[in-house]
file query-v8.cif (mmCIF, C-alpha atoms)
data_entry
loop_
_atom_site.label_atom_id
_atom_site.label_comp_id
_atom_site.auth_asym_id
_atom_site.auth_seq_id
_atom_site.Cartn_x
_atom_site.Cartn_y
_atom_site.Cartn_z
CA MET I 1 -47.82 -9.85 9.69
CA ILE I 2 -44.42 -11.55 9.75
CA THR I 3 -44.04 -13.25 13.12
CA THR I 4 -41.44 -15.48 14.75
CA SER I 5 -43.01 -18.47 13.05
CA ASP I 6 -42.08 -16.90 9.69
CA PHE I 7 -38.45 -16.33 10.69
CA THR I 8 -37.00 -19.28 8.77
CA THR I 9 -38.90 -18.40 5.60
CA LEU I 10 -37.93 -14.73 5.81
CA THR I 11 -34.28 -15.61 6.46
CA GLY I 12 -34.35 -17.80 3.36
CA LYS I 13 -35.66 -14.89 1.32
CA LEU I 14 -33.06 -12.52 2.78
CA ASN I 15 -30.31 -14.95 1.84
CA GLU I 16 -31.72 -15.18 -1.67
CA TRP I 17 -31.80 -11.37 -2.06
CA PHE I 18 -28.35 -11.10 -0.53
CA ASN I 19 -26.94 -13.67 -2.98
CA GLU I 20 -28.54 -11.93 -5.97
CA ALA I 21 -27.11 -8.56 -4.90
CA ALA I 22 -23.71 -10.04 -4.06
CA GLN I 23 -23.46 -11.71 -7.46
CA LEU I 24 -24.21 -8.45 -9.25
CA ASN I 25 -21.79 -6.48 -7.13
CA VAL I 26 -18.95 -8.97 -7.42
CA GLU I 27 -19.17 -8.43 -11.17
CA ALA I 28 -18.87 -4.66 -10.69
CA TRP I 29 -16.04 -4.96 -8.16
CA ILE I 30 -13.10 -3.54 -10.11
CA GLY I 31 -10.59 -3.87 -7.26
CA GLN I 32 -10.60 -7.64 -7.52
CA GLN I 33 -9.13 -7.38 -11.01
CA LEU I 34 -6.03 -5.67 -9.60
CA PHE I 35 -5.80 -6.93 -6.03
CA ASP I 36 -5.10 -10.42 -4.78
CA VAL I 37 -8.45 -11.06 -3.07
CA GLY I 38 -7.90 -14.75 -2.54
CA GLU I 39 -9.28 -16.46 0.54
CA THR I 40 -6.97 -17.21 3.42
CA ASN I 41 -7.30 -18.77 6.84
CA TRP I 42 -4.30 -16.84 8.16
CA GLN I 43 -5.15 -14.09 10.60
CA VAL I 44 -1.74 -12.58 9.87
CA TYR I 45 -0.67 -12.69 6.24
CA ASN I 46 3.10 -12.63 5.69
CA GLY I 47 4.71 -11.53 2.46
CA LEU I 48 8.32 -11.48 1.31
CA ILE I 49 9.92 -9.57 -1.55
CA LEU I 50 12.89 -11.33 -3.08
CA ASN I 51 15.21 -8.64 -4.39
CA GLY I 52 17.08 -10.49 -7.08
CA ALA I 53 17.74 -13.43 -4.79
CA ALA I 54 17.26 -15.98 -7.53
CA LYS I 55 20.32 -17.77 -8.82
CA PHE I 56 20.84 -19.35 -12.23
CA ASP I 57 24.51 -19.67 -13.08
CA ARG I 58 26.69 -21.87 -15.23
CA VAL I 59 28.50 -24.41 -13.09
CA PRO I 60 31.52 -26.57 -13.84
CA GLU I 61 31.01 -30.34 -14.05
CA GLY I 62 30.40 -31.83 -10.63
CA ALA I 63 30.13 -28.48 -8.90
CA GLN I 64 27.28 -27.48 -6.63
CA LEU I 65 24.58 -25.18 -7.95
CA PRO I 66 24.51 -21.73 -6.32
CA ALA I 67 21.85 -21.23 -3.66
CA GLY I 68 19.31 -18.45 -3.72
CA ASN I 69 19.16 -16.37 -0.56
CA ILE I 70 15.82 -15.33 0.90
CA GLY I 71 17.67 -12.93 3.19
CA GLU I 72 17.94 -10.79 0.09
CA GLY I 73 14.60 -9.13 0.48
CA ASP I 74 12.10 -7.29 2.67
CA ASN I 75 9.01 -8.60 4.35
CA MET I 76 5.67 -7.38 5.61
CA SER I 77 2.68 -8.71 7.50
CA ILE I 78 -0.94 -7.64 7.46
CA THR I 79 -3.67 -8.62 9.89
CA GLN I 80 -7.27 -9.45 9.07
CA LYS I 81 -9.84 -6.90 10.19
CA ARG I 82 -13.57 -7.34 10.58
CA HIS I 83 -15.85 -5.01 8.64
CA GLY I 84 -19.62 -5.07 8.51
CA GLY I 85 -22.98 -3.68 9.43
CA ARG I 86 -26.39 -4.74 10.67
CA ILE I 87 -29.41 -5.06 8.40
CA ILE I 88 -32.48 -4.07 10.35
CA VAL I 89 -35.89 -5.52 9.64
CA THR I 90 -38.06 -3.26 11.74
CA LYS I 91 -41.22 -4.20 13.48
CA ASP I 92 -43.15 -1.91 11.11
CA MET I 93 -41.79 -3.80 8.11
CA ARG I 94 -42.91 -7.08 9.64
CA MET I 95 -46.19 -5.72 10.94
CA PHE I 96 -47.30 -4.59 7.50
CA ASP I 97 -45.57 -7.31 5.43
CA ARG I 98 -43.33 -4.77 3.69
CA TYR I 99 -41.32 -7.30 1.68
CA ASP I 100 -40.54 -4.57 -0.84
CA GLN I 101 -38.74 -2.55 1.85
CA ILE I 102 -37.02 -5.56 3.36
CA GLN I 103 -35.69 -6.60 -0.05
CA GLU I 104 -34.44 -3.06 -0.72
CA VAL I 105 -32.69 -2.86 2.66
CA VAL I 106 -30.88 -6.16 2.10
CA GLN I 107 -29.83 -5.35 -1.44
CA ASP I 108 -28.72 -1.83 -0.60
CA ASN I 109 -26.64 -2.97 2.37
CA THR I 110 -25.01 -5.67 0.26
CA GLU I 111 -24.23 -3.21 -2.52
CA PHE I 112 -22.80 -0.77 0.00
CA ALA I 113 -20.53 -3.43 1.49
CA PHE I 114 -18.97 -4.09 -1.91
CA ASP I 115 -18.82 -0.33 -2.60
CA ARG I 116 -16.81 0.22 0.57
CA ILE I 117 -14.46 -2.68 -0.11
CA ASP I 118 -13.86 -1.47 -3.66
CA GLN I 119 -13.34 2.14 -2.52
CA SER I 120 -10.95 1.11 0.26
CA GLN I 121 -8.89 -0.73 -2.33
CA ALA I 122 -8.89 2.25 -4.71
CA ASP I 123 -7.86 4.49 -1.80
CA LEU I 124 -4.71 2.46 -1.25
CA LEU I 125 -3.59 3.49 -4.73
CA LEU I 126 -4.87 7.06 -4.43
CA ASN I 127 -3.01 7.61 -1.14
CA GLY I 128 0.18 6.08 -2.48
CA PHE I 129 2.05 9.25 -3.34
CA SER I 130 2.93 10.93 -0.06
CA SER I 131 3.41 10.35 3.66
CA THR I 132 3.68 6.87 5.15
CA SER I 133 0.11 6.25 6.28
CA TYR I 134 -3.35 7.73 6.00
CA THR I 135 -6.67 7.54 7.79
CA ASP I 136 -8.82 5.18 5.75
CA LEU I 137 -12.51 5.59 5.03
CA PHE I 138 -13.32 3.54 8.13
CA GLY I 139 -11.35 5.98 10.31
CA TYR I 140 -8.34 3.76 11.00
CA ALA I 141 -4.66 4.22 10.15
CA GLN I 142 -3.64 2.43 6.97
CA SER I 143 -0.01 2.07 5.92
CA ASN I 144 0.82 3.12 2.36
CA VAL I 145 4.44 2.03 2.26
CA THR I 146 5.87 -1.06 0.60
CA PRO I 147 8.11 -3.46 2.54
CA ASP I 148 11.15 -1.26 1.87
CA GLY I 149 9.54 1.44 4.01
CA VAL I 150 9.07 3.76 1.03
CA VAL I 151 5.73 5.24 -0.04
CA PHE I 152 3.99 3.06 -2.66
CA PHE I 153 4.67 5.19 -5.76
CA SER I 154 8.22 6.44 -5.58
CA ALA I 155 11.19 7.21 -7.79
CA SER I 156 13.47 5.80 -5.08
CA HIS I 157 12.49 2.34 -3.85
CA THR I 158 15.40 0.91 -1.88
CA ASN I 159 16.73 -2.59 -1.37
CA ASN I 160 18.78 -4.34 1.30
CA GLN I 161 21.69 -5.22 -0.96
CA ASN I 162 23.15 -1.95 -2.16
CA SER I 163 22.37 1.69 -2.74
CA ASN I 164 20.61 1.13 -6.08
CA THR I 165 17.09 2.50 -6.28
CA ALA I 166 14.20 1.69 -8.57
CA ARG I 167 11.04 3.58 -9.51
CA ASN I 168 7.36 2.94 -10.06
CA LEU I 169 6.39 6.60 -10.28
CA ILE I 170 5.34 7.41 -13.83
CA LYS I 171 7.32 10.08 -15.68
CA ASP I 172 7.26 11.30 -19.26
CA SER I 173 10.11 11.39 -21.76
CA THR I 174 11.35 14.72 -20.37
CA GLY I 175 11.73 13.18 -16.91
CA THR I 176 8.79 15.03 -15.32
CA ALA I 177 7.06 12.86 -12.73
CA ASN I 178 3.35 12.77 -11.91
CA VAL I 179 2.42 13.79 -15.42
CA ALA I 180 -1.09 13.95 -16.81
CA LEU I 181 -2.34 10.99 -18.83
CA SER I 182 -0.77 11.19 -22.28
CA ARG I 183 0.56 8.97 -24.99
CA ASP I 184 4.12 10.06 -24.23
CA ALA I 185 3.78 9.16 -20.53
CA ILE I 186 2.27 5.75 -21.34
CA VAL I 187 5.07 4.97 -23.79
CA THR I 188 7.73 6.12 -21.30
CA ALA I 189 6.20 4.11 -18.44
CA ARG I 190 6.08 1.00 -20.62
CA LYS I 191 9.74 1.51 -21.52
CA ASP I 192 10.70 2.17 -17.88
CA GLY I 193 8.88 -0.98 -16.82
CA ARG I 194 10.64 -3.10 -19.41
CA VAL I 195 14.12 -1.90 -18.43
CA ASN I 196 13.46 -2.45 -14.71
CA LYS I 197 16.50 -3.98 -13.01
CA ASP I 198 16.76 -5.93 -9.78
CA PRO I 199 19.32 -4.86 -7.15
CA ASN I 200 21.92 -7.06 -8.80
CA SER I 201 21.44 -5.10 -12.02
CA ALA I 202 19.76 -7.95 -13.88
CA ASN I 203 16.97 -6.84 -16.22
CA ARG I 204 13.61 -7.98 -14.78
CA PRO I 205 11.10 -6.58 -17.30
CA ILE I 206 7.69 -5.48 -16.10
CA MET I 207 5.11 -5.56 -18.88
CA LEU I 208 2.74 -2.69 -18.13
CA ASP I 209 -0.16 -3.68 -20.35
CA ARG I 210 -3.12 -2.45 -18.33
CA LEU I 211 -4.18 1.18 -18.04
CA VAL I 212 -6.25 2.10 -14.97
CA VAL I 213 -8.09 5.43 -15.12
CA SER I 214 -10.89 7.37 -13.47
CA ALA I 215 -14.25 7.78 -15.16
CA THR I 216 -13.20 11.34 -15.98
CA ASN I 217 -10.24 10.09 -18.02
CA GLU I 218 -12.14 7.29 -19.77
CA ASP I 219 -12.57 9.07 -23.09
CA LEU I 220 -8.99 10.39 -23.19
CA ALA I 221 -7.63 6.95 -22.33
CA GLU I 222 -9.70 5.22 -25.00
CA ARG I 223 -8.80 7.75 -27.68
CA THR I 224 -5.12 7.52 -26.77
CA VAL I 225 -5.01 3.76 -26.82
CA TYR I 226 -7.71 2.63 -29.24
CA SER I 227 -7.55 5.31 -31.98
CA SER I 228 -6.33 3.83 -35.20
CA GLY I 229 -3.85 6.70 -35.68
CA VAL I 230 -1.41 8.26 -33.24
CA ALA I 231 -3.13 11.00 -31.24
CA GLY I 232 -1.87 14.50 -32.06
CA THR I 233 -0.28 13.58 -35.38
CA PRO I 234 -1.54 13.69 -38.99
CA ASN I 235 -2.35 9.98 -38.49
CA VAL I 236 0.22 8.68 -40.91
CA ASP I 237 1.30 6.05 -38.41
CA LEU I 238 -0.94 3.33 -37.06
CA ASN I 239 -1.29 3.63 -33.28
CA PRO I 240 1.26 1.21 -31.81
CA LEU I 241 -0.36 1.35 -28.36
CA LYS I 242 -3.50 -0.27 -29.73
CA GLY I 243 -2.17 -3.80 -29.40
CA LYS I 244 0.07 -3.20 -26.41
CA ILE I 245 -2.44 -2.16 -23.77
CA SER I 246 -4.48 -5.28 -23.20
CA ASN I 247 -7.29 -3.42 -21.53
CA ILE I 248 -8.33 -0.13 -20.01
CA LEU I 249 -9.82 -0.46 -16.57
CA VAL I 250 -12.17 2.44 -15.89
CA TRP I 251 -12.54 2.66 -12.13
CA SER I 252 -14.94 5.34 -10.95
CA ARG I 253 -13.63 4.97 -7.38
CA LEU I 254 -10.53 6.80 -8.62
CA ASP I 255 -12.44 10.02 -9.30
CA THR I 256 -12.72 11.00 -5.64
CA ARG I 257 -10.65 9.66 -2.79
CA GLY I 258 -12.99 7.90 -0.36
CA ASN I 259 -11.15 8.74 2.83
CA ASP I 260 -10.97 12.53 2.44
CA SER I 261 -13.11 13.39 -0.62
CA THR I 262 -10.16 14.88 -2.53
CA ASP I 263 -10.70 15.17 -6.28
CA THR I 264 -8.32 12.57 -7.68
CA SER I 265 -9.81 12.29 -11.15
CA ALA I 266 -6.46 13.08 -12.81
CA TYR I 267 -4.69 10.16 -11.10
CA TRP I 268 -3.89 7.25 -13.38
CA PHE I 269 -2.06 3.97 -13.11
CA MET I 270 -0.47 1.28 -15.20
CA ALA I 271 -0.23 -2.34 -14.18
CA SER I 272 0.90 -5.71 -15.33
CA SER I 273 -2.34 -7.57 -16.05
CA THR I 274 -0.78 -10.86 -15.02
CA LYS I 275 1.21 -9.75 -11.98
CA SER I 276 -0.48 -6.77 -10.30
CA LYS I 277 -1.77 -9.20 -7.67
CA LYS I 278 1.82 -9.68 -6.53
CA THR I 279 1.83 -6.00 -5.59
CA LEU I 280 -1.67 -5.36 -4.32
CA LYS I 281 -2.69 -7.66 -1.49
CA SER I 282 -6.19 -7.82 -0.08
CA PRO I 283 -6.66 -11.33 1.28
CA PHE I 284 -10.11 -12.24 2.60
CA ALA I 285 -10.55 -14.52 5.58
CA GLN I 286 -14.26 -14.21 4.84
CA LYS I 287 -15.99 -12.64 1.84
CA PRO I 288 -19.16 -10.66 2.73
CA MET I 289 -21.73 -12.94 4.31
CA LEU I 290 -25.17 -12.60 5.86
CA TYR I 291 -25.89 -14.04 9.29
CA ALA I 292 -29.35 -14.40 10.80
CA PRO I 293 -29.94 -13.19 14.35
CA GLU I 294 -29.76 -15.82 17.08
CA GLN I 295 -32.57 -14.31 19.13
CA ILE I 296 -35.76 -12.76 17.78
CA SER I 297 -38.89 -11.31 19.26
CA ASP I 298 -42.21 -10.23 17.77
CA SER I 299 -41.97 -6.89 19.55
CA ARG I 300 -38.53 -5.85 18.25
CA SER I 301 -36.48 -5.29 15.10
CA TRP I 302 -34.74 -8.31 13.67
CA GLU I 303 -31.06 -7.59 13.10
CA TYR I 304 -29.10 -9.52 10.46
CA ASP I 305 -25.30 -9.20 10.42
CA LEU I 306 -23.50 -8.62 7.14
CA ASP I 307 -19.75 -8.89 7.66
CA ALA I 308 -16.44 -9.70 6.04
CA TYR I 309 -12.84 -10.14 7.11
CA TYR I 310 -10.20 -8.61 4.86
CA THR I 311 -7.14 -6.44 4.94
CA LEU I 312 -4.96 -4.37 2.63
CA GLY I 313 -1.24 -4.33 2.03
CA LEU I 314 1.51 -3.76 -0.49
CA LEU I 315 4.24 -6.13 -1.53
CA TYR I 316 6.63 -5.98 -4.53
CA PRO I 317 5.90 -2.45 -5.81
CA PHE I 318 6.93 -2.60 -9.46
CA PHE I 319 3.96 -4.37 -11.02
CA VAL I 320 1.83 -1.24 -10.52
CA TRP I 321 2.95 2.26 -11.52
CA GLY I 322 1.17 5.51 -10.74
CA SER I 323 0.89 9.21 -11.44
CA THR I 324 -1.15 11.96 -9.80
CA GLY I 325 -1.51 13.64 -13.19
CA ALA I 326 -0.69 16.96 -11.52
CA ASN I 327 1.98 18.03 -14.04
CA MET K 1 3.15 -3.99 9.03
CA ILE K 2 6.70 -3.71 7.78
CA ASP K 3 9.90 -4.59 9.61
CA LEU K 4 10.90 -1.05 10.57
CA PRO K 5 13.60 -2.00 13.13
CA LYS K 6 15.34 -4.06 10.44
CA LEU K 7 15.01 -1.24 7.90
CA ALA K 8 16.29 1.33 10.42
CA ALA K 9 19.31 -0.86 11.15
CA GLN K 10 20.07 -0.78 7.41
CA GLY K 11 19.62 3.01 7.22
CA ARG K 12 16.40 2.51 5.26
CA ALA K 13 14.00 3.95 7.85
CA TYR K 14 14.25 6.82 10.30
CA SER K 15 13.77 4.55 13.29
CA GLY K 16 12.11 1.36 14.43
CA SER K 17 8.85 3.25 14.72
CA ARG K 18 8.69 5.26 11.53
CA SER K 19 9.78 5.26 7.88
CA TRP K 20 11.69 8.05 6.20
CA THR K 21 9.45 10.78 4.91
CA PRO K 22 9.79 11.18 1.12
CA GLU K 23 11.83 14.37 1.74
CA GLU K 24 14.18 12.61 4.16
CA LEU K 25 14.62 9.71 1.76
CA ASP K 26 15.47 12.10 -1.07
CA ALA K 27 18.02 13.84 1.19
CA LEU K 28 19.52 10.48 2.16
CA LEU K 29 19.98 9.46 -1.46
CA VAL K 30 21.49 12.84 -2.36
CA LEU K 31 24.00 12.65 0.53
CA GLU K 32 24.83 9.08 -0.39
CA ARG K 33 25.44 9.95 -4.02
CA GLU K 34 26.99 13.40 -3.86
CA CYS K 35 29.00 13.08 -0.65
CA GLU K 36 29.97 9.46 -1.30
CA LEU K 37 28.66 8.22 2.03
CA SER K 38 27.50 4.75 2.86
CA ARG K 39 23.77 4.44 3.49
CA MET K 40 24.34 4.07 7.23
CA GLU K 41 26.53 7.19 7.37
CA ALA K 42 24.08 9.22 5.30
CA ALA K 43 21.23 8.02 7.52
CA GLU K 44 22.96 9.30 10.67
CA TYR K 45 23.44 12.76 9.13
CA VAL K 46 19.80 12.93 7.97
CA ARG K 47 18.60 11.86 11.44
CA ASN K 48 20.66 14.80 12.76
CA GLY K 49 18.86 17.16 10.40
CA ILE K 50 21.76 17.50 7.97
CA THR K 51 20.03 17.03 4.65
CA THR K 52 22.06 18.81 1.97
CA PRO K 53 25.60 18.36 0.68
CA ALA K 54 26.37 21.97 1.71
CA ALA K 55 25.24 21.34 5.30
CA TYR K 56 27.18 18.07 5.34
CA LYS K 57 30.39 19.80 4.19
CA LYS K 58 30.02 22.45 6.90
CA ALA K 59 29.43 19.81 9.56
CA LYS K 60 32.39 17.79 8.34
CA ALA K 61 34.65 20.87 8.35
CA ALA K 62 33.65 21.57 11.95
CA ASP K 63 34.42 17.94 12.83
CA PHE K 64 30.78 17.38 13.85
CA LYS K 65 29.98 13.82 14.84
CA PRO K 66 26.32 12.93 14.25
CA LYS K 67 24.55 11.54 17.27
CA THR K 68 23.30 7.99 16.79
CA ALA K 69 19.71 7.00 17.47
CA GLU K 70 20.99 4.80 20.30
CA GLU K 71 22.79 7.72 21.95
CA ALA K 72 19.75 9.93 21.58
CA GLU K 73 17.54 7.21 23.06
CA LYS K 74 19.80 6.98 26.13
CA GLU K 75 19.67 10.73 26.59
CA VAL K 76 15.88 10.72 26.39
CA GLU K 77 15.65 7.96 28.99
CA LYS K 78 17.90 9.94 31.33
CA ALA K 79 16.00 13.16 30.70
CA LEU K 80 12.69 11.53 31.58
CA LYS K 81 13.93 10.72 35.08
CA LYS K 82 15.51 14.10 35.53
CA ASN K 83 12.96 15.60 37.91
CA GLU K 84 12.83 16.37 41.58
CA PHE K 85 10.35 13.59 42.41
CA ALA K 86 12.09 10.69 40.68
CA ASP K 87 13.09 8.08 43.26
CA SER K 88 14.95 5.77 40.92
CA GLU K 89 17.98 6.27 38.77
CA PRO K 90 17.83 5.59 35.08
CA GLU K 91 18.71 1.97 34.43
CA LEU K 92 20.04 1.76 30.93
CA PRO K 93 20.79 -1.34 28.90
CA ASN K 94 24.44 -1.73 28.03
CA LYS K 95 23.95 -2.98 24.50
CA GLU K 96 27.56 -4.05 23.98
CA GLU K 97 27.64 -6.39 26.93
CA GLY K 98 23.93 -7.19 27.10
CA GLN K 99 23.92 -6.05 30.75
CA LYS K 100 22.15 -3.28 32.57
CA THR K 101 24.15 -0.37 33.93
CA ARG K 102 23.24 2.29 36.44
CA GLY K 103 22.89 5.83 35.16
CA SER K 104 24.98 8.63 36.60
CA LYS K 105 23.71 9.77 39.98
CA SER K 106 25.04 13.25 39.50
CA ASP K 107 22.44 13.96 36.82
CA GLY K 108 19.94 16.44 38.22
CA LYS K 109 20.33 15.34 41.82
#
call {"tool": "encode", "arguments": {"input": "query-v8.cif", "output": "structure tokens"}}
result
Amino acid sequence: MITTSDFTTLTGKLNEWFNEAAQLNVEAWIGQQLFDVGETNWQVYNGLILNGAAKFDRVPEGAQLPAGNIGEGDNMSITQKRHGGRIIVTKDMRMFDRYDQIQEVVQDNTEFAFDRIDQSQADLLLNGFSSTSYTDLFGYAQSNVTPDGVVFFSASHTNNQNSNTARNLIKDSTGTANVALSRDAIVTARKDGRVNKDPNSANRPIMLDRLVVSATNEDLAERTVYSSGVAGTPNVDLNPLKGKISNILVWSRLDTRGNDSTDTSAYWFMASSTKSKKTLKSPFAQKPMLYAPEQISDSRSWEYDLDAYYTLGLLYPFFVWGSTGAN
Amino acid sequence: MIDLPKLAAQGRAYSGSRSWTPEELDALLVLERECELSRMEAAEYVRNGITTPAAYKKAKAADFKPKTAEEAEKEVEKALKKNEFADSEPELPNKEEGQKTRGSKSDGK
């Protein structure tokens, strides 16, 4: 029987099992490849988009260099939220030395914590096509607009300088938005990204070199990008996309939206592999951690806390592009 | 959280408490482009439910002046106190002078 005198030893084992499970699940956590999941000690995280505020002009001898203006942009703030659950080691488990069950409970809870974090991050993309907020998988309101007040994926992102608009909603060469995954749409999105202009009409190219798809679209995505010939042609040409998409991220969380179970398997996204973290913000004040109970008793369950502090938000929208694949 | 009051003041959100819906934003951009309105002007028309160039032309021909969010807010504040039990008059901020002014006593009394 595991009694109070065994508490320290058992807690050591729980921490060991937790660390093993966490290590495995961090490796499978796709969202961290797209989102900025850096650690912060700010409760409120502030972000600022600079809409073409940078200055780099030729100046006459002796003249002052022009100053950039941070007023030329929009800002946002996101607040850390606590998420977690309790891992229960019941009296029965302790009574009959059920280490097998205790280990399973710890590892399953740890895996689930990372599952939920990853799904909540995928849901921010999947809910980025309509409305201005949604109820997240935890039951709370989550904003899905960027700092310009426009829904994440839009053909009409605004700025505070003029009436120019810019898009990050994928279209194909005919101009149809929300198109299904295809070679034509990938090529058009890459072109649209490269000709992106800031509000002052300066070309600020976005290199969309990462394709993000659901598990359902994995095969289509790989054939489209990795085939040696161009899909749908007599294969006279070598496939130019092969060297231009640096990787395909297959994210099974995209198949079904976590907050409302909608089938979203046709949704697909393109991102800049080096800059998507400037768009997708998910700072952690605390990565998932296990805490031992402060009070224990031989007659009751022992409750270990597993919790994390993180939040979700959107900043400069143009490093991630999306399509519902509906058309 | 985004700075909605700032965006609303630039005509880039419906109000300080909500963004444009995608449909409203589309209407705003169409009015701006096709009726050659500034963003602020187009925003006032969209807030008044005038969302197409045809509706805008009709409103313009009838010399319709769109109500501003500030005017509508004042009306709502007055309307809330317009009941037989209210024992205080609406006290409305005079935004131009930064002072408070008394509402009209004749309203509903």
call {"tool": "residues_near_point", "arguments": {"input": "query-v8.cif", "point": "(5.3, -3.4, -13.2)", "cutoff": "12 Å", "atoms": "all atoms listed in the file", "output": "PyMOL selection string"}}
result
chain I and resi 153+166-170+189-197+204-211+269-280+316-322
call {"tool": "residues_around", "arguments": {"input": "query-v8.cif", "residues": "Ala43 (chain K)", "least_positions_apart": "3", "cutoff": "12 Å", "atoms": "all atoms listed in the file", "output": "number ranges by chain"}}
result
K: 7-15, 19-20, 24-32, 37-40, 46-51, 56, 66-69
call {"tool": "resolve_selection", "arguments": {"input": "query-v8.cif", "expression": "the PyMOL selection byres ((chain I) within 9 of (chain K))", "output": "MDAnalysis selection string"}}
result
chainID I and resid 74:79 130:132 143 145:151 154 156 158:160 162:163 165 313
call {"tool": "write_last_selection", "arguments": {"input": "query-v8.cif", "atoms": "C-alpha atoms", "output": "CSV table (one decimal), in the frame of the given file"}}
result
chain,number,residue,atom,x,y,z
I,74,ASP,CA,12.1,-7.3,2.7
I,75,ASN,CA,9.0,-8.6,4.4
I,76,MET,CA,5.7,-7.4,5.6
I,77,SER,CA,2.7,-8.7,7.5
I,78,ILE,CA,-0.9,-7.6,7.5
I,79,THR,CA,-3.7,-8.6,9.9
I,130,SER,CA,2.9,10.9,-0.1
I,131,SER,CA,3.4,10.4,3.7
I,132,THR,CA,3.7,6.9,5.2
I,143,SER,CA,0.0,2.1,5.9
I,145,VAL,CA,4.4,2.0,2.3
I,146,THR,CA,5.9,-1.1,0.6
I,147,PRO,CA,8.1,-3.5,2.5
I,148,ASP,CA,11.2,-1.3,1.9
I,149,GLY,CA,9.5,1.4,4.0
I,150,VAL,CA,9.1,3.8,1.0
I,151,VAL,CA,5.7,5.2,0.0
I,154,SER,CA,8.2,6.4,-5.6
I,156,SER,CA,13.5,5.8,-5.1
I,158,THR,CA,15.4,0.9,-1.9
I,159,ASN,CA,16.7,-2.6,-1.4
I,160,ASN,CA,18.8,-4.3,1.3
I,162,ASN,CA,23.2,-2.0,-2.2
I,163,SER,CA,22.4,1.7,-2.7
I,165,THR,CA,17.1,2.5,-6.3
I,313,GLY,CA,-1.2,-4.3,2.0
call {"tool": "closest_residue", "arguments": {"input": "query-v8.cif", "among": "I:Ser297, I:Thr224, I:Gln80, I:Thr40", "to": "Asn239 (chain I)", "atoms": "all atoms listed in the file"}}
result
I:Thr224
call {"tool": "residues_around", "arguments": {"input": "query-v8.cif", "residues": "Thr216 (chain I)", "least_positions_apart": "5", "cutoff": "10 Å", "atoms": "all atoms listed in the file", "output": "short mmCIF file (atom, residue, chain, number, x, y, z; two decimals) with C-alpha atoms, in the coordinates of the input"}}
result
data_model
loop_
_atom_site.label_atom_id
_atom_site.label_comp_id
_atom_site.auth_asym_id
_atom_site.auth_seq_id
_atom_site.Cartn_x
_atom_site.Cartn_y
_atom_site.Cartn_z
CA ALA I 221 -7.63 6.95 -22.33
CA VAL I 250 -12.17 2.44 -15.89
CA TRP I 251 -12.54 2.66 -12.13
CA SER I 252 -14.94 5.34 -10.95
CA LEU I 254 -10.53 6.80 -8.62
CA ASP I 255 -12.44 10.02 -9.30
CA THR I 264 -8.32 12.57 -7.68
CA SER I 265 -9.81 12.29 -11.15
CA ALA I 266 -6.46 13.08 -12.81
CA TYR I 267 -4.69 10.16 -11.10
#
call {"tool": "atom_distance", "arguments": {"input": "query-v8.cif", "atom1": "CA of Phe96 (chain I)", "atom2": "CA of Met1 (chain I)"}}
result
5.7 Å
call {"tool": "atom_distance", "arguments": {"input": "query-v8.cif", "atom1": "CA of Asn327 (chain I)", "atom2": "CA of Lys171 (chain I)"}}
result
9.7 Å
call {"tool": "closest_residue", "arguments": {"input": "query-v8.cif", "among": "I:Asn203, I:Gln32, I:Gln103, I:Asn144", "to": "Pro283 (chain I)", "atoms": "only C-alpha atoms"}}
result
I:Gln32
call {"tool": "atom_distance", "arguments": {"input": "query-v8.cif", "atom1": "CA of Lys57 (chain K)", "atom2": "CA of Glu36 (chain K)"}}
result
11.7 Å
call {"tool": "closest_residue", "arguments": {"input": "query-v8.cif", "among": "I:Trp302, I:Phe112, I:Phe284, I:Tyr310", "to": "Phe18 (chain I)", "atoms": "all atoms listed in the file"}}
result
I:Phe112
call {"tool": "residues_around", "arguments": {"input": "query-v8.cif", "residues": "region 303-309 of chain I", "least_positions_apart": "3", "cutoff": "10 Å", "atoms": "all atoms listed in the file", "output": "ChimeraX atom specification"}}
result
/I:11,14,18,39-40,43,79-90,106,109-110,113,117,283-296,300
call {"tool": "closest_residue", "arguments": {"input": "query-v8.cif", "among": "I:Asp136, I:Glu111, I:Glu20, I:Glu61", "to": "Arg257 (chain I)", "atoms": "all atoms listed in the file"}}
result
I:Asp136
call {"tool": "resolve_selection", "arguments": {"input": "query-v8.cif", "expression": "the PyMOL selection byres ((chain I and resi 178) around 6)", "output": "list in words"}}
result
Ala177, Val179, Ser323, Thr324, Gly325, Ala326 and Asn327 of chain I
call {"tool": "axis_aligned_box", "arguments": {"input": "query-v8.cif", "around": "region 140-154 of chain I", "padding_each_side": "8 Å", "output": "JSON"}}
result
{"center_x": 1.4, "center_y": 1.5, "center_z": 2.6, "size_x": 35.5, "size_y": 25.9, "size_z": 32.8}
call {"tool": "resolve_selection", "arguments": {"input": "query-v8.cif", "expression": "the PyMOL selection byres ((chain I and resi 241) around 9)", "output": "list in words"}}
result
Arg183, Ile186, Val187, Thr224, Val225, Tyr226, Ser227, Val230, Leu238, Asn239, Pro240, Lys242, Gly243, Lys244 and Ile245 of chain I
